[in-house]
>>> print(open('run.csv').read())   # CSV, C-alpha atoms and all ligand atoms
chain,number,residue,atom,x,y,z
N,1,MET,CA,110.3,170.6,96.0
N,2,ILE,CA,108.9,168.4,93.3
N,3,GLU,CA,108.7,168.9,89.5
N,4,GLU,CA,105.3,169.9,88.2
N,5,GLY,CA,104.7,167.0,85.9
N,6,GLU,CA,105.9,164.5,88.5
N,7,ALA,CA,103.5,166.1,91.0
N,8,ARG,CA,100.6,165.7,88.6
N,9,ARG,CA,101.5,162.1,87.9
N,10,GLN,CA,101.8,161.4,91.7
N,11,ILE,CA,98.4,163.0,92.4
N,12,LEU,CA,96.7,161.1,89.6
N,13,LYS,CA,98.2,157.8,90.7
N,14,ASN,CA,96.5,158.4,94.1
N,15,ILE,CA,93.1,159.2,92.5
N,16,GLN,CA,90.5,156.5,91.5
N,17,ALA,CA,87.4,156.9,89.5
N,18,LEU,CA,84.2,156.9,91.7
N,19,PRO,CA,81.5,154.2,91.1
N,20,ALA,CA,79.5,155.0,88.0
N,21,ARG,CA,75.8,155.9,88.0
N,22,ARG,CA,73.0,155.8,85.5
N,23,VAL,CA,71.3,159.2,85.0
N,24,PRO,CA,68.7,160.7,82.6
N,25,ILE,CA,70.6,162.0,79.6
N,26,LEU,CA,70.1,165.7,80.4
N,27,GLN,CA,71.8,165.2,83.7
N,28,ALA,CA,74.9,163.8,81.9
N,29,LEU,CA,75.9,167.1,80.2
N,30,ASP,CA,79.6,167.7,81.0
N,31,GLY,CA,79.9,164.3,82.7
N,32,PHE,CA,82.1,161.5,81.4
N,33,ALA,CA,80.8,158.3,79.9
N,34,ALA,CA,81.4,155.3,82.2
N,35,GLU,CA,81.2,152.8,79.3
N,36,ASP,CA,81.3,152.7,75.5
N,37,CYS,CA,77.9,153.3,73.9
N,38,LEU,CA,77.0,151.7,70.6
N,39,ALA,CA,74.5,152.8,68.0
N,40,ARG,CA,71.2,150.8,68.4
N,41,LEU,CA,69.9,152.0,65.0
N,42,PRO,CA,71.5,153.2,61.8
N,43,LEU,CA,71.1,156.9,61.1
N,44,PRO,CA,69.0,157.6,59.2
N,45,ASN,CA,67.0,154.5,60.1
N,46,PHE,CA,65.3,154.4,56.6
N,47,ASP,CA,65.8,156.1,53.2
N,48,ASN,CA,64.1,159.4,53.4
N,49,SER,CA,63.6,162.6,51.5
N,50,ALA,CA,66.0,165.6,52.1
N,51,MET,CA,63.5,168.0,50.6
N,52,ASP,CA,59.9,168.9,50.1
N,53,GLY,CA,59.2,167.8,46.5
N,54,TYR,CA,58.4,164.7,44.5
N,55,ALA,CA,59.7,161.2,44.7
N,56,VAL,CA,60.4,159.8,41.2
N,57,ALA,CA,62.1,157.0,39.3
N,58,ALA,CA,65.1,159.0,37.9
N,59,SER,CA,65.6,157.0,34.8
N,60,SER,CA,62.3,158.3,33.3
N,61,CYS,CA,63.0,162.0,34.3
N,62,ARG,CA,64.3,164.6,31.8
N,63,ALA,CA,63.5,168.3,31.8
N,64,GLY,CA,60.1,168.8,30.2
N,65,GLU,CA,58.8,165.4,31.1
N,66,ARG,CA,55.2,165.1,32.5
N,67,LEU,CA,54.6,162.8,35.5
N,68,ARG,CA,51.3,161.7,37.1
N,69,VAL,CA,51.2,162.3,40.9
N,70,ILE,CA,49.9,159.1,42.4
N,71,GLY,CA,49.7,160.1,46.1
N,72,GLU,CA,51.3,161.9,49.0
N,73,GLN,CA,53.9,160.6,51.4
N,74,PRO,CA,54.2,162.7,54.6
N,75,ALA,CA,56.8,162.3,57.4
N,76,GLY,CA,55.7,160.0,60.3
N,77,VAL,CA,53.8,157.2,58.5
N,78,ASP,CA,54.8,154.9,55.7
N,79,ARG,CA,52.0,154.9,53.1
N,80,ARG,CA,53.8,152.2,51.2
N,81,LEU,CA,53.3,154.0,47.9
N,82,ARG,CA,55.0,152.6,44.7
N,83,VAL,CA,56.3,154.9,42.0
N,84,SER,CA,56.8,153.6,38.4
N,85,ALA,CA,58.2,155.3,35.3
N,86,GLY,CA,56.0,158.3,34.4
N,87,GLU,CA,54.8,158.7,38.0
N,88,ALA,CA,55.7,160.8,41.0
N,89,ALA,CA,54.7,160.9,44.7
N,90,ARG,CA,54.3,164.1,46.6
N,91,ILE,CA,56.9,163.9,49.5
N,92,PHE,CA,58.0,165.9,52.4
N,93,THR,CA,61.4,166.3,54.2
N,94,GLY,CA,62.1,163.3,56.4
N,95,ALA,CA,59.3,161.1,54.9
N,96,PRO,CA,60.2,157.5,53.9
N,97,MET,CA,61.0,157.0,50.2
N,98,PRO,CA,58.2,155.2,48.3
N,99,GLY,CA,59.0,151.9,46.6
N,100,GLY,CA,60.4,152.3,43.1
N,101,ALA,CA,61.5,155.9,43.7
N,102,ASP,CA,65.3,156.6,43.6
N,103,ALA,CA,65.4,160.4,43.5
N,104,VAL,CA,63.5,163.4,44.8
N,105,VAL,CA,62.9,166.5,42.7
N,106,MET,CA,62.6,169.7,44.7
N,107,GLN,CA,59.2,171.3,44.5
N,108,GLU,CA,60.9,174.5,43.3
N,109,ASP,CA,62.0,172.5,40.2
N,110,VAL,CA,58.6,171.4,39.0
N,111,THR,CA,55.4,173.0,37.8
N,112,ARG,CA,52.3,171.4,39.2
N,113,ASN,CA,49.0,171.3,37.2
N,114,GLY,CA,46.3,169.3,39.1
N,115,ASP,CA,47.4,165.7,39.3
N,116,GLU,CA,50.4,166.3,37.0
N,117,ILE,CA,53.8,167.8,37.4
N,118,VAL,CA,56.2,169.0,34.7
N,119,LEU,CA,59.9,168.7,35.4
N,120,ASN,CA,61.9,171.9,34.9
N,121,VAL,CA,65.2,170.0,35.4
N,122,ASP,CA,66.9,166.7,34.6
N,123,VAL,CA,67.0,164.4,37.6
N,124,ASP,CA,69.9,162.2,38.8
N,125,THR,CA,69.6,158.9,40.6
N,126,GLY,CA,70.0,159.4,44.4
N,127,GLU,CA,69.3,163.1,44.4
N,128,PHE,CA,68.0,164.5,47.6
N,129,ILE,CA,67.7,161.1,49.3
N,130,ARG,CA,69.2,160.5,52.7
N,131,LYS,CA,70.2,156.9,52.6
N,132,ARG,CA,69.7,154.6,55.5
N,133,GLY,CA,72.9,154.4,57.6
N,134,CYS,CA,74.7,157.1,55.6
N,135,ASP,CA,75.5,159.0,58.9
N,136,LEU,CA,75.9,156.2,61.3
N,137,SER,CA,75.8,152.4,61.1
N,138,GLU,CA,74.1,150.1,63.7
N,139,GLY,CA,76.7,149.0,66.2
N,140,GLN,CA,79.1,151.8,65.5
N,141,LYS,CA,80.6,153.4,68.6
N,142,ILE,CA,78.8,156.7,69.4
N,143,LEU,CA,80.5,157.5,72.8
N,144,SER,CA,83.7,156.2,74.3
N,145,LYS,CA,84.3,155.4,77.9
N,146,GLY,CA,85.8,158.4,79.6
N,147,GLU,CA,84.7,160.9,76.9
N,148,ARG,CA,83.1,164.1,77.9
N,149,ILE,CA,79.4,164.4,77.1
N,150,ARG,CA,78.5,167.5,75.2
N,151,ALA,CA,75.2,168.9,74.0
N,152,ALA,CA,75.4,167.2,70.6
N,153,THR,CA,76.4,163.9,72.3
N,154,LEU,CA,73.1,164.1,74.2
N,155,ALA,CA,71.2,164.7,71.0
N,156,LEU,CA,72.8,161.7,69.4
N,157,LEU,CA,72.0,159.5,72.4
N,158,ALA,CA,68.4,160.7,72.2
N,159,SER,CA,68.2,160.1,68.5
N,160,GLN,CA,69.2,156.5,69.3
N,161,GLY,CA,66.4,156.1,71.8
N,162,PHE,CA,68.6,156.3,74.9
N,163,SER,CA,66.8,158.0,77.8
N,164,GLU,CA,69.6,157.3,80.3
N,165,VAL,CA,73.3,156.9,80.2
N,166,ARG,CA,76.0,155.7,82.6
N,167,ILE,CA,78.4,158.3,83.7
N,168,GLY,CA,81.2,158.7,86.3
N,169,GLY,CA,80.3,159.3,90.0
N,170,GLU,CA,79.4,162.7,91.4
N,171,VAL,CA,82.4,164.3,93.1
N,172,ASP,CA,81.5,165.9,96.5
N,173,VAL,CA,83.8,168.7,97.5
N,174,ALA,CA,84.4,170.8,100.6
N,175,ILE,CA,86.3,174.1,100.7
N,176,ILE,CA,88.0,175.7,103.7
N,177,SER,CA,89.4,179.2,103.3
N,178,THR,CA,92.0,179.8,106.1
N,179,GLY,CA,93.1,183.1,107.3
N,180,ASP,CA,92.5,185.4,110.3
N,181,GLU,CA,92.3,188.3,107.8
N,182,LEU,CA,89.3,187.0,105.9
N,183,VAL,CA,85.8,188.6,105.9
N,184,LYS,CA,82.8,187.4,104.0
N,185,PRO,CA,81.7,189.7,101.1
N,186,GLY,CA,78.5,191.6,102.0
N,187,THR,CA,79.8,192.5,105.5
N,188,THR,CA,81.9,195.6,106.6
N,189,ILE,CA,85.6,195.4,106.6
N,190,LYS,CA,88.1,196.7,109.2
N,191,SER,CA,91.6,197.9,108.6
N,192,GLY,CA,93.9,194.9,107.9
N,193,GLN,CA,91.1,192.7,106.8
N,194,ILE,CA,90.3,191.5,103.3
N,195,TYR,CA,87.2,190.1,101.6
N,196,GLU,CA,87.4,186.4,101.1
N,197,SER,CA,87.4,185.6,97.4
N,198,ASN,CA,89.2,182.2,96.9
N,199,SER,CA,86.1,180.1,97.9
N,200,VAL,CA,84.1,182.0,95.2
N,201,LEU,CA,86.8,181.4,92.6
N,202,LEU,CA,87.0,177.7,93.6
N,203,GLN,CA,83.3,177.2,93.6
N,204,ALA,CA,83.0,178.7,90.1
N,205,LEU,CA,85.9,176.6,88.8
N,206,LEU,CA,84.4,173.4,90.4
N,207,GLN,CA,81.1,174.2,88.8
N,208,ARG,CA,82.8,174.3,85.4
N,209,CYS,CA,84.1,170.8,86.2
N,210,ASN,CA,80.7,169.6,87.1
N,211,ALA,CA,81.8,168.8,90.6
N,212,THR,CA,79.4,169.4,93.6
N,213,VAL,CA,80.4,171.7,96.3
N,214,ARG,CA,78.8,170.4,99.5
N,215,ALA,CA,80.5,172.7,102.2
N,216,VAL,CA,82.2,176.0,102.2
N,217,GLU,CA,83.7,177.6,105.3
N,218,ASN,CA,86.2,180.3,106.5
N,219,CYS,CA,88.5,179.2,109.3
N,220,PRO,CA,90.9,181.3,111.4
N,221,ASP,CA,94.5,180.3,111.6
N,222,ASP,CA,94.3,178.5,114.9
N,223,GLN,CA,95.0,174.8,115.3
N,224,HIS,CA,91.8,173.9,117.2
N,225,SER,CA,89.4,175.6,114.7
N,226,LEU,CA,91.3,174.3,111.8
N,227,SER,CA,91.4,170.8,113.2
N,228,GLU,CA,87.6,170.8,113.6
N,229,ALA,CA,87.1,172.3,110.1
N,230,LEU,CA,89.4,169.7,108.5
N,231,LYS,CA,87.6,166.8,110.3
N,232,ARG,CA,84.4,168.1,108.7
N,233,GLY,CA,86.0,168.6,105.3
N,234,ILE,CA,87.6,165.2,104.9
N,235,ARG,CA,84.2,163.5,104.9
N,236,TYR,CA,83.9,164.4,101.3
N,237,HIS,CA,85.7,163.0,98.2
N,238,VAL,CA,87.8,166.1,97.9
N,239,LEU,CA,88.8,168.8,100.4
N,240,ILE,CA,90.3,172.0,99.1
N,241,ILE,CA,92.0,174.2,101.6
N,242,SER,CA,93.0,177.8,100.6
N,243,GLY,CA,95.9,179.5,102.3
N,244,GLY,CA,98.0,178.5,105.2
N,245,VAL,CA,100.3,176.0,103.3
N,246,SER,CA,103.4,178.2,103.1
N,247,VAL,CA,106.2,178.5,105.6
N,248,GLY,CA,105.1,181.3,108.0
N,249,GLU,CA,104.1,180.7,111.7
N,250,HIS,CA,100.5,181.1,110.7
N,251,ASP,CA,100.7,178.4,108.0
N,252,ILE,CA,99.4,175.5,110.1
N,253,VAL,CA,97.5,173.5,107.5
N,254,LYS,CA,100.3,170.9,107.0
N,255,SER,CA,101.0,170.3,110.6
N,256,THR,CA,97.3,170.2,111.5
N,257,LEU,CA,96.6,167.7,108.7
N,258,LEU,CA,99.5,165.6,110.0
N,259,SER,CA,98.1,165.7,113.5
N,260,LEU,CA,94.9,164.2,112.2
N,261,GLY,CA,96.8,161.3,110.7
N,262,ALA,CA,96.7,162.6,107.1
N,263,LYS,CA,99.4,161.4,104.7
N,264,ILE,CA,101.1,164.3,102.9
N,265,GLU,CA,102.2,163.1,99.5
N,266,ILE,CA,103.4,166.4,98.0
N,267,TRP,CA,104.4,169.7,99.5
N,268,ARG,CA,105.9,172.4,97.3
N,269,VAL,CA,106.0,172.2,93.5
N,270,ASP,CA,108.4,174.1,91.2
N,271,ILE,CA,105.9,176.4,89.6
N,272,LYS,CA,105.3,180.1,89.9
N,273,PRO,CA,102.8,181.1,91.2
N,274,GLY,CA,101.9,178.2,93.4
N,275,LYS,CA,105.1,176.8,95.0
N,276,PRO,CA,103.6,176.0,98.4
N,277,PHE,CA,101.0,173.6,96.9
N,278,LEU,CA,100.2,170.6,99.0
N,279,PHE,CA,98.5,167.3,98.2
N,280,GLY,CA,97.7,164.6,100.7
N,281,GLN,CA,95.2,161.9,101.7
N,282,ALA,CA,93.0,161.6,104.8
N,283,GLY,CA,90.9,158.5,105.0
N,284,GLY,CA,89.3,158.3,101.5
N,285,CYS,CA,89.6,162.1,100.9
N,286,ALA,CA,91.9,163.7,98.5
N,287,VAL,CA,93.2,166.8,100.2
N,288,PHE,CA,94.6,169.8,98.3
N,289,GLY,CA,96.2,172.7,100.0
N,290,LEU,CA,96.4,175.7,97.6
N,291,PRO,CA,98.4,178.8,98.4
N,292,GLY,CA,96.1,181.7,99.3
N,293,ASN,CA,97.2,184.3,96.8
N,294,PRO,CA,94.3,184.3,94.4
N,295,VAL,CA,96.4,183.7,91.2
N,296,SER,CA,98.3,180.9,93.0
N,297,THR,CA,94.9,179.4,93.9
N,298,PHE,CA,93.8,179.7,90.3
N,299,VAL,CA,96.9,178.2,88.7
N,300,THR,CA,97.3,175.3,91.1
N,301,PHE,CA,93.6,174.5,90.8
N,302,LEU,CA,93.8,174.2,87.0
N,303,GLN,CA,97.1,172.3,87.0
N,304,PHE,CA,96.5,169.8,89.8
N,305,VAL,CA,93.0,169.8,91.3
N,306,ARG,CA,91.0,169.9,88.0
N,307,PRO,CA,92.6,166.8,86.5
N,308,ALA,CA,92.1,164.9,89.7
N,309,VAL,CA,88.5,165.9,90.0
N,310,LEU,CA,87.9,164.9,86.3
N,311,LYS,CA,89.6,161.5,86.8
N,312,MET,CA,87.3,160.9,89.8
N,313,MET,CA,84.4,161.6,87.4
N,314,SER,CA,85.8,158.8,85.0
N,315,ALA,CA,87.4,161.2,82.5
N,316,SER,CA,89.8,159.5,80.2
N,317,ASP,CA,93.5,160.6,80.3
N,318,GLY,CA,93.0,162.6,77.1
N,319,GLU,CA,90.2,164.7,78.8
N,320,LEU,CA,92.4,165.7,81.8
N,321,ALA,CA,94.5,168.3,80.1
N,322,PRO,CA,93.2,171.8,79.6
N,323,THR,CA,92.1,173.1,76.2
N,324,LYS,CA,95.1,174.2,74.3
N,325,VAL,CA,95.6,176.6,71.4
N,326,THR,CA,98.6,178.0,69.6
N,327,ALA,CA,99.1,181.8,69.3
N,328,GLN,CA,101.8,184.3,68.2
N,329,SER,CA,103.4,186.1,71.1
N,330,GLU,CA,103.0,189.9,70.7
N,331,VAL,CA,106.1,190.6,72.8
N,332,ASP,CA,109.4,189.0,73.9
N,333,LEU,CA,109.0,186.9,77.0
N,334,HIS,CA,111.6,185.5,79.3
N,335,ASN,CA,111.6,183.3,82.3
N,336,ASP,CA,114.8,183.9,84.2
N,337,GLY,CA,113.7,182.0,87.2
N,338,GLU,CA,114.2,178.4,88.3
N,339,ARG,CA,110.5,177.5,88.4
N,340,ALA,CA,108.1,177.1,85.5
N,341,HIS,CA,106.2,180.4,85.2
N,342,TYR,CA,102.5,180.5,84.3
N,343,LEU,CA,101.9,183.9,82.7
N,344,ARG,CA,98.4,185.3,82.5
N,345,GLY,CA,97.2,187.0,79.4
N,346,ARG,CA,94.8,187.4,76.6
N,347,PHE,CA,94.4,185.2,73.6
N,348,GLU,CA,92.7,187.1,70.8
N,349,ASN,CA,92.7,186.7,67.0
N,350,GLY,CA,95.6,184.2,67.2
N,351,LYS,CA,97.8,186.5,69.3
N,352,PHE,CA,98.8,186.4,72.9
N,353,LEU,CA,99.6,189.3,75.1
N,354,THR,CA,100.3,189.2,78.9
N,355,VAL,CA,97.8,191.2,81.0
N,356,GLY,CA,98.3,193.0,84.3
N,357,ARG,CA,100.9,192.5,86.9
N,358,GLN,CA,102.4,189.0,86.8
N,359,GLU,CA,102.3,188.7,90.6
N,360,SER,CA,100.4,186.1,92.6
N,361,HIS,CA,98.1,188.6,94.4
N,362,ALA,CA,97.2,190.4,91.2
N,363,LEU,CA,93.6,189.3,90.7
N,364,PHE,CA,92.5,192.2,88.4
N,365,GLY,CA,95.0,191.1,85.7
N,366,LEU,CA,93.8,187.5,86.0
N,367,SER,CA,90.2,188.7,85.7
N,368,ARG,CA,91.1,190.3,82.3
N,369,SER,CA,92.9,187.2,81.1
N,370,ASN,CA,91.6,184.1,79.2
N,371,ALA,CA,94.9,182.2,78.7
N,372,LEU,CA,97.9,180.8,80.5
N,373,LEU,CA,101.3,180.6,79.0
N,374,ARG,CA,103.7,178.2,80.7
N,375,LEU,CA,107.3,179.3,80.4
N,376,ALA,CA,109.9,176.7,81.4
N,377,PRO,CA,112.8,177.8,83.5
N,378,GLY,CA,115.2,179.8,81.4
N,379,GLU,CA,112.8,179.8,78.4
N,380,LEU,CA,112.9,182.8,76.0
N,381,VAL,CA,110.1,183.5,73.6
N,382,LYS,CA,110.8,186.0,70.9
N,383,LYS,CA,108.0,188.4,69.6
N,384,ASP,CA,105.9,186.6,66.9
N,385,ALA,CA,107.1,183.2,68.0
N,386,VAL,CA,104.3,180.6,68.1
N,387,VAL,CA,103.5,179.5,71.7
N,388,GLU,CA,101.0,177.0,73.2
N,389,LEU,CA,98.4,178.4,75.5
N,390,GLN,CA,96.0,176.9,78.0
N,391,LEU,CA,92.4,178.2,77.9
N,392,TRP,CA,89.9,178.0,80.6
N,393,ASP,CA,86.8,179.9,79.5
U,401,LIG,P1,98.6,182.4,102.6
U,401,LIG,O1,98.7,181.4,101.6
U,401,LIG,O2,97.6,182.0,103.7
U,401,LIG,O3,99.9,182.8,103.2
U,401,LIG,O4,97.9,183.7,101.9
U,401,LIG,C1,98.7,184.4,101.0
U,401,LIG,C2,97.9,185.7,100.6
U,401,LIG,O5,96.7,185.3,100.0
U,401,LIG,C3,97.7,186.6,101.7
U,401,LIG,O6,97.9,187.9,101.3
U,401,LIG,C4,96.2,186.4,102.0
U,401,LIG,O7,95.6,187.5,102.6
U,401,LIG,C5,95.6,186.0,100.7
U,401,LIG,N1,94.5,185.1,100.8
U,401,LIG,C6,94.5,184.0,101.6
U,401,LIG,N2,93.3,183.4,101.5
U,401,LIG,C7,92.5,184.2,100.7
U,401,LIG,C8,91.2,184.1,100.3
U,401,LIG,N3,90.4,183.1,100.7
U,401,LIG,N4,90.7,185.1,99.5
U,401,LIG,C9,91.5,186.1,99.2
U,401,LIG,N5,92.7,186.2,99.5
U,401,LIG,C10,93.3,185.3,100.3
U,402,MG,MG,97.1,182.7,105.5
>>> encode(input="run.csv", output="structure tokens")
Amino acid sequence: MIEEGEARRQILKNIQALPARRVPILQALDGFAAEDCLARLPLPNFDNSAMDGYAVAASSCRAGERLRVIGEQPAGVDRRLRVSAGEAARIFTGAPMPGGADAVVMQEDVTRNGDEIVLNVDVDTGEFIRKRGCDLSEGQKILSKGERIRAATLALLASQGFSEVRIGGEVDVAIISTGDELVKPGTTIKSGQIYESNSVLLQALLQRCNATVRAVENCPDDQHSLSEALKRGIRYHVLIISGGVSVGEHDIVKSTLLSLGAKIEIWRVDIKPGKPFLFGQAGGCAVFGLPGNPVSTFVTFLQFVRPAVLKMMSASDGELAPTKVTAQSEVDLHNDGERAHYLRGRFENGKFLTVGRQESHALFGLSRSNALLRLAPGELVKKDAVVELQLWD
């Protein structure tokens, strides 16, 4: 049995980023930048008005002053107006500042009479002007290699004139659910059978990682069927096998993988749930064997498969860890076992409370949870102590 952190390190050591690709920016959401991106333009690209109002030379502007309106400067064209003392130019939000003007007075702060305005306020230099480059300088880094691309990142790229961006490769995944007892949802079930749910869980979790599931199949626990299914599955970048990795006579995943020439790098990790976890390589495929109990599948996916998939997508090391928050435990918690225990619970209003039965088959409790708390072997958490949680939603 191997220690959890060591298992993760060993997996990641065996995983390489896939070749990068150039995609239209909207397809890059939740992908990872394959290279640094630098600003092509300052933002804003020219001094412009932050308000609808009047562009003025501030030094000649005291409350009560009358100014002559010499023209109108809308957004979208530069009318190349010039404003002198005693003058104003009508201006709109986002419009370029006329020459000679160094402030904008809000239209709410003037009274207009024909070609004249009367100022109702004093005006300070620089007021309501968005200066060229105040947000971003040309050449400044706007996206780092390995950084996740979010909605606002896409907007920033668009604002810089990028229509495409280079991101990490698309990760193709196959899923095999093993077990003689499994039946597809939507069909009738006989005594002793269960509905297959892990492939649904895995597909949803993979979708959240932006990986592409190419093949999903159920497979009975017989060596021939499994061997054929594995041969199909290892044609993809990643193969995830659910069930059949434990020590019973029907747990034939490991032996069947070995019979196909796969290299098993890891089998059994000191976490609960998820001890029988397996990782290996077959050809160029990263093979993950996840224990079939739904909570074990869930925990081992998040701790081991997700970081590997993200690394393949060119995520930086900092992006591989799950989102973490701190919370106050609402109860005493104790791990009296010898493996790290991932407790499922709810994080709400800064507090954490475990939910449901903390057993590896207990899917209902997991479905009500939104956070994992890792308790190290022997760890004791007193009520109100601050703990660190992993979030997944
Ligand atoms: P295994 O890891 O194959 O020993 O399975 C452990 C437990 O998880 C058994 O109770 C299985 O019935 C259950 N299980 C295995 N695979 C699935 C699956 N795909 N969906 C739901 N439950 C499963
Ligand atoms: Mg099984």
>>> atom_distance(input="run.csv", atom1="CA of Thr212 in chain N", atom2="CA of Leu391 in chain N")
22.2 Å
>>> closest_residue(input="run.csv", among="N:Gln193, N:Ser137, N:Ser367, N:Ser144", to="Leu43 in chain N", atoms="only C-alpha atoms")
N:Ser137
>>> closest_atom_pairs(input="run.csv", of="chain N", to="ligand MG 402 (chain U)", cutoff="10 Å", atoms="all atoms listed in the file", output="tab-separated table")
residue	atom	partner	partner_atom	distance
N:Ser177	CA	U:MG402	MG	8.7
N:Thr178	CA	U:MG402	MG	5.9
N:Gly179	CA	U:MG402	MG	4.4
N:Asp180	CA	U:MG402	MG	7.2
N:Glu181	CA	U:MG402	MG	7.7
N:Leu182	CA	U:MG402	MG	8.9
N:Pro220	CA	U:MG402	MG	8.7
N:Asp221	CA	U:MG402	MG	7.1
N:Ser242	CA	U:MG402	MG	8.1
N:Gly243	CA	U:MG402	MG	4.7
N:Gly244	CA	U:MG402	MG	4.3
N:Val245	CA	U:MG402	MG	7.7
N:Ser246	CA	U:MG402	MG	8.1
N:Gly248	CA	U:MG402	MG	8.5
N:Glu249	CA	U:MG402	MG	9.6
N:His250	CA	U:MG402	MG	6.4
N:Asp251	CA	U:MG402	MG	6.1
N:Ile252	CA	U:MG402	MG	8.8
N:Val253	CA	U:MG402	MG	9.4
N:Pro291	CA	U:MG402	MG	8.2
N:Gly292	CA	U:MG402	MG	6.4
N:Asn293	CA	U:MG402	MG	8.8
>>> residues_around(input="run.csv", residues="Ala151 in chain N", least_positions_apart="2", cutoff="12 Å", atoms="only C-alpha atoms", output="list in words")
Ile25, Leu26, Gln27, Ala28, Leu29, Asp30, Gly31, Arg148, Ile149, Thr153, Leu154, Ala155, Leu156, Leu157 and Ala158 of chain N
>>> residues_around(input="run.csv", residues="Arg21 in chain N", least_positions_apart="4", cutoff="8 Å", atoms="all atoms listed in the file", output="PyMOL selection string")
chain N and resi 166-169
>>> closest_residue(input="run.csv", among="N:Leu119, N:Pro294, N:Ser163, N:Ala282", to="Tyr195 in chain N", atoms="only C-alpha atoms")
N:Pro294
>>> residues_around(input="run.csv", residues="Asp393 in chain N", least_positions_apart="5", cutoff="10 Å", atoms="all atoms listed in the file", output="list of chain:residue names")
N:Leu205, N:Arg208, N:Thr323, N:Ser369, N:Asn370, N:Ala371
>>> closest_residue(input="run.csv", among="N:Arg132, N:Lys351, N:Arg68, N:Lys231", to="Ser329 in chain N", atoms="only C-alpha atoms")
N:Lys351
>>> closest_residue(input="run.csv", among="N:Gly192, N:Gly146, N:Gly100, N:Gly284", to="ligand LIG 401 (chain U)", atoms="all atoms listed in the file")
N:Gly192
>>> closest_residue(input="run.csv", among="N:Leu202, N:Ala376, N:Val69, N:Val386", to="ligand LIG 401 (chain U)", atoms="all atoms listed in the file")
N:Leu202
>>> closest_residue(input="run.csv", among="N:Lys275, N:Lys311, N:Lys383, N:His341", to="ligand LIG 401 (chain U)", atoms="all atoms listed in the file")
N:Lys275
>>> atom_distance(input="run.csv", atom1="CA of Trp267 in chain N", atom2="CA of Ala308 in chain N")
16.4 Å
>>> atom_distance(input="run.csv", atom1="atom N1 of ligand LIG 401 (chain U)", atom2="CA of Glu265 in chain N")
23.3 Å
>>> closest_atom_pairs(input="run.csv", of="range 223-294 of chain N", to="range 377-380 of chain N", cutoff="12 Å", atoms="only C-alpha atoms", output="Markdown table")
| residue | atom | partner | partner_atom | distance |
| --- | --- | --- | --- | --- |
| N:Asp270 | CA | N:Pro377 | CA | 9.6 |
| N:Ile271 | CA | N:Pro377 | CA | 9.3 |
| N:Lys272 | CA | N:Pro377 | CA | 10.1 |
>>> write_last_selection(input="run.csv", atoms="C-alpha atoms", output="PDB file, keeping the file's coordinate frame")
ATOM      1  CA  ASP N 270     108.400 174.100  91.200  1.00  0.00           C
ATOM      2  CA  ILE N 271     105.900 176.400  89.600  1.00  0.00           C
ATOM      3  CA  LYS N 272     105.300 180.100  89.900  1.00  0.00           C
TER       4      LYS N 272
END
>>> residues_near_point(input="run.csv", point="(94.7, 181.4, 91.6)", cutoff="10 Å", atoms="only C-alpha atoms", output="MDAnalysis selection string")
chainID N and resid 198 201:202 242 273:274 290:302 360:363 366
>>> residues_around(input="run.csv", residues="Lys13 in chain N", least_positions_apart="4", cutoff="12 Å", atoms="all atoms listed in the file", output="ChimeraX atom specification")
/N:6-9,17,265,286,307-308,311-312,317
>>> decode(input="run.csv", residues="range 49-58 of chain N", atoms="N, CA and C atoms", output="CSV table (one decimal), in the first residue's frame")
chain,number,residue,atom,x,y,z
N,49,SER,N,-14.1,59.2,-22.1
N,49,SER,CA,-15.0,59.7,-21.0
N,49,SER,C,-15.6,58.5,-20.3
N,50,ALA,N,-15.7,58.7,-18.9
N,50,ALA,CA,-16.4,57.6,-18.1
N,50,ALA,C,-17.9,57.9,-18.0
N,51,MET,N,-18.3,59.1,-18.5
N,51,MET,CA,-19.7,59.5,-18.3
N,51,MET,C,-20.3,60.2,-19.5
N,52,ASP,N,-21.6,60.2,-19.6
N,52,ASP,CA,-22.2,61.2,-20.5
N,52,ASP,C,-22.2,62.5,-19.9
N,53,GLY,N,-21.6,63.5,-20.6
N,53,GLY,CA,-21.5,64.9,-20.0
N,53,GLY,C,-20.8,65.8,-20.9
N,54,TYR,N,-19.9,66.6,-20.4
N,54,TYR,CA,-19.2,67.7,-21.2
N,54,TYR,C,-17.7,67.6,-20.9
N,55,ALA,N,-16.9,67.6,-21.9
N,55,ALA,CA,-15.5,67.6,-21.8
N,55,ALA,C,-15.0,69.1,-21.7
N,56,VAL,N,-14.2,69.3,-20.7
N,56,VAL,CA,-13.8,70.7,-20.4
N,56,VAL,C,-12.4,70.9,-20.0
N,57,ALA,N,-11.9,72.1,-20.0
N,57,ALA,CA,-10.5,72.4,-19.5
N,57,ALA,C,-10.8,72.8,-18.0
N,58,ALA,N,-10.4,71.9,-17.1
N,58,ALA,CA,-10.8,72.0,-15.7
N,58,ALA,C,-10.4,73.4,-15.1
